[in-house]
Amino acid sequence: MNPATPSSRERPTPSAAARPARTSTSPAAEPAEDDAADSRTVWQRTVGAASNPDLKLAMAASGAALSLFTVGHMAGNIQVYLGRERFNGYARMLRTAGAPVLPRNTVLWVARVGLLASAGVHVVAGTELTVRSMRAEGRTISGTLRQVTRGLAALAERAPSLRGPGGAAQGRSAEYRKAPFDGAFLPGTLDARGPRRRPRGRRRTLPQVVARSMRSTGAVLGLFVTYHVLDLTTGTRPAATRSFEHGDAYGNLVASLSRPVTAAFYAASMAALAGHMVHGLRTAALDTGLTGTAQRVHRVDAAAKAVGAVVALGNVSIPVAVQIKVVR
């Protein structure tokens with residue numbers, strides 16, 4: 001034994017302050033723990049407690065359900081080419097499905113509730129995954145919003161001074177030096193505020209742009225669905241036309257898409273839908289393990305592109321047909 005080390009008999013007993021506090025098992029301690037647990041918000045106790053794989057599976061399932069509805073909705077919409085009676089008959093069938101066993105609109109409202117639930121799950125899971133990704137990168141929502149606001153303010157401040165009366169660029173932002181690669185231009189060394197362009201060799205491909213724009217296209221689709229319901233389902237002004245009439249689905253569709261601005265908005269929304277569906281279906285297949293081999297990856301990619309293209313072209317053809325008077 002080391003003589004410098006006191007024996008167990010000689011070792012000083014720890015003081016009362018240094019002793020670990022005993023865990024109280026009395027009922028009075030339990031409410032404090034319950035209060036600490038209840039201090040979390042409903043979001044933290046439900047969505048926040050889910051793991052990333054569970055949230056991704058929820059997004060995949062809800063996205064697949066919404067994609068299936070989108071395909072079926074497109075197949076029903078193109079019946080507008082068959083004339084007023086056929087299209088109005090299709091709309092009438094949706095309202096009377098299940099009758100006389102079930103009351104009118106029962107099946108339609110069940111489908112609407114299911115779609116609303118799928119959309120809610122999709123948005124909630126996507127929001128939580130986005131927040132977690134931002135936290136992992138050391139960013140916050142308020143900080144991101146401030147950054148975007150500052151960027152827009154700086155862009156608005158520079159825009160009027162980029163061009164002079166003759167159309168030529170002027171000021172500090174007009175100082176450029178030619179880059180040594182591919183004819184691209186970058187701001188000069190003295191022009192830190194000048195607009196920067198991505199070099200051609202480093203520009204993102206279309207799939208990369210679509211992948212980075214999923215939140216943006218999702219927001220566009222949310223606005224489109226809201227406008228679409230107000231326009232052709234409830235007939236709410238000013239989204240709907242003055243000639244809106246309940247029961248005349250064909251006339252309401254033609255009257256709405258006869259407005260050039262509305263037709264352009266529908267076409268642009270369908271482009272966003274195509275990109276969102278293609279990347280979403282591919283990601284859902286990856287998250288659910290359907291792409292175990294390279295051959296399956298190519299098959300899923302081709303199938304996602306085919307579905308997105310068919311849905312987009314089918315839906316875009318309708319406002320185009322109305323504008324050129326093929327459907328009237």
# chains A, B, ... in the order shown; residues from 1 in each chain; ligands from 1
>>> residues_around(residues="Ala285 of chain A", least_positions_apart="5", cutoff="9 Å", atoms="only C-alpha atoms", output="NGL selection string")
:A and (60 or 280 or 290-291 or 297 or 300)
>>> closest_residue(among="A:Val261, A:Ala154, A:Val131, A:Val121", to="Asp54 of chain A", atoms="only C-alpha atoms")
A:Val121
>>> residues_around(residues="segment 74-89 of chain A", least_positions_apart="3", cutoff="8 Å", atoms="only C-alpha atoms", output="PyMOL selection string")
chain A and resi 70-71+92-93+247-251+311+314-315+318+327
>>> write_last_selection(atoms="N, CA, C and O atoms", output="compact mmCIF listing (two decimals), in the first residue's frame")
# COMPACT_ATOMS: atom_id res chain seq x y z
N THR A 70 -53.59 12.69 -58.32
CA THR A 70 -53.29 13.63 -59.41
C THR A 70 -53.43 12.95 -60.77
O THR A 70 -53.96 13.54 -61.72
N VAL A 71 -52.96 11.71 -60.86
CA VAL A 71 -53.08 10.97 -62.13
C VAL A 71 -54.55 10.75 -62.47
O VAL A 71 -55.00 10.97 -63.61
N ARG A 92 -71.00 14.93 -62.43
CA ARG A 92 -72.20 14.46 -61.73
C ARG A 92 -71.95 13.09 -61.10
O ARG A 92 -72.44 12.80 -60.00
N MET A 93 -71.22 12.25 -61.81
CA MET A 93 -70.91 10.92 -61.27
C MET A 93 -70.11 11.01 -59.98
O MET A 93 -70.30 10.21 -59.05
N GLY A 247 -72.96 23.08 -61.00
CA GLY A 247 -73.49 22.00 -61.82
C GLY A 247 -73.02 22.04 -63.26
O GLY A 247 -73.11 21.03 -63.96
N ASP A 248 -72.52 23.17 -63.71
CA ASP A 248 -72.02 23.30 -65.08
C ASP A 248 -70.49 23.31 -65.05
O ASP A 248 -69.84 24.35 -65.22
N ALA A 249 -69.90 22.14 -64.81
CA ALA A 249 -68.44 22.04 -64.69
C ALA A 249 -67.75 22.44 -65.98
O ALA A 249 -66.69 23.10 -65.95
N TYR A 250 -68.31 22.05 -67.11
CA TYR A 250 -67.70 22.37 -68.41
C TYR A 250 -67.68 23.88 -68.64
O TYR A 250 -66.64 24.47 -68.98
N GLY A 251 -68.81 24.54 -68.45
CA GLY A 251 -68.88 25.98 -68.67
C GLY A 251 -67.98 26.75 -67.71
O GLY A 251 -67.33 27.73 -68.10
N VAL A 311 -48.81 13.67 -66.67
CA VAL A 311 -49.72 14.50 -65.89
C VAL A 311 -49.59 15.97 -66.30
O VAL A 311 -50.60 16.67 -66.50
N GLY A 314 -50.91 16.48 -69.97
CA GLY A 314 -52.36 16.34 -70.02
C GLY A 314 -53.08 17.54 -69.44
O GLY A 314 -54.06 18.03 -70.01
N ASN A 315 -52.58 18.04 -68.31
CA ASN A 315 -53.24 19.19 -67.68
C ASN A 315 -52.94 20.50 -68.41
O ASN A 315 -53.81 21.36 -68.52
N ILE A 318 -55.12 21.50 -71.54
CA ILE A 318 -56.48 22.02 -71.40
C ILE A 318 -56.52 23.55 -71.49
O ILE A 318 -57.29 24.10 -72.30
N VAL A 327 -61.35 23.94 -77.38
CA VAL A 327 -62.41 23.67 -76.42
C VAL A 327 -63.08 25.01 -76.11
O VAL A 327 -62.42 25.96 -75.69
>>> residues_around(residues="Arg259 of chain A", least_positions_apart="4", cutoff="12 Å", atoms="only C-alpha atoms", output="PyMOL selection string")
chain A and resi 239-241+252-255+263-266+319-320+322-324
>>> write_last_selection(atoms="C-alpha atoms", output="CSV table (one decimal), in the first residue's frame")
chain,number,residue,atom,x,y,z
A,239,ALA,CA,-61.0,33.6,-58.2
A,240,ALA,CA,-64.1,32.4,-60.1
A,241,THR,CA,-65.7,34.2,-63.1
A,252,ASN,CA,-67.1,27.0,-65.5
A,253,LEU,CA,-63.8,25.4,-66.7
A,254,VAL,CA,-63.9,27.0,-70.1
A,255,ALA,CA,-64.9,30.4,-68.7
A,263,ALA,CA,-54.5,30.0,-68.1
A,264,ALA,CA,-50.8,31.0,-67.7
A,265,PHE,CA,-51.0,30.5,-63.9
A,266,TYR,CA,-52.5,27.0,-64.4
A,319,PRO,CA,-55.8,25.8,-70.9
A,320,VAL,CA,-53.9,25.8,-74.2
A,322,VAL,CA,-59.3,26.7,-74.4
A,323,GLN,CA,-57.0,29.6,-75.4
A,324,ILE,CA,-56.8,28.5,-79.0
>>> closest_residue(among="A:Ala125, A:Ala64, A:Phe224, A:Gln295", to="Ala49 of chain A", atoms="only C-alpha atoms")
A:Ala125
>>> residues_around(residues="Val307 of chain A", least_positions_apart="6", cutoff="9 Å", atoms="only C-alpha atoms", output="VMD selection string")
chain A and resid 71 274 277 to 278
>>> write_last_selection(atoms="all heavy atoms", output="compact mmCIF listing (two decimals), in the first residue's frame")
# COMPACT_ATOMS: atom_id res chain seq x y z
N VAL A 71 -52.96 11.71 -60.86
CA VAL A 71 -53.08 10.97 -62.13
C VAL A 71 -54.55 10.75 -62.47
O VAL A 71 -55.00 10.97 -63.61
CB VAL A 71 -52.32 9.64 -62.05
CG1 VAL A 71 -52.58 8.79 -63.29
CG2 VAL A 71 -50.83 9.89 -61.88
N ALA A 274 -45.07 18.89 -62.22
CA ALA A 274 -44.28 17.86 -62.87
C ALA A 274 -42.93 17.67 -62.16
O ALA A 274 -42.53 16.54 -61.85
CB ALA A 274 -44.06 18.22 -64.34
N MET A 277 -43.46 16.08 -58.66
CA MET A 277 -43.82 14.67 -58.72
C MET A 277 -42.63 13.81 -59.11
O MET A 277 -42.40 12.74 -58.52
CB MET A 277 -44.96 14.46 -59.71
CG MET A 277 -46.32 14.87 -59.21
SD MET A 277 -47.63 14.40 -60.37
CE MET A 277 -47.49 12.62 -60.34
N VAL A 278 -41.85 14.25 -60.09
CA VAL A 278 -40.72 13.43 -60.55
C VAL A 278 -39.72 13.21 -59.43
O VAL A 278 -39.32 12.08 -59.12
CB VAL A 278 -40.05 14.10 -61.77
CG1 VAL A 278 -38.73 13.41 -62.10
CG2 VAL A 278 -40.98 14.05 -62.98
>>> select_by_dssp(residues="segment 101-165 of chain A", states="alpha helix (DSSP H)", output="count of residues only")
49
>>> atom_distance(atom1="atom CA of Arg282 of chain A", atom2="atom CA of Ala304 of chain A")
6.3 Å
>>> atom_distance(atom1="atom CA of Ser258 of chain A", atom2="atom CA of Ala271 of chain A")
19.3 Å
>>> residues_around(residues="Val209 of chain A", least_positions_apart="5", cutoff="12 Å", atoms="only C-alpha atoms", output="list in words")
Arg203, Arg204, Met214, Arg215, Ser216, Thr217, Ala272, Gly275, His276 and His279 of chain A
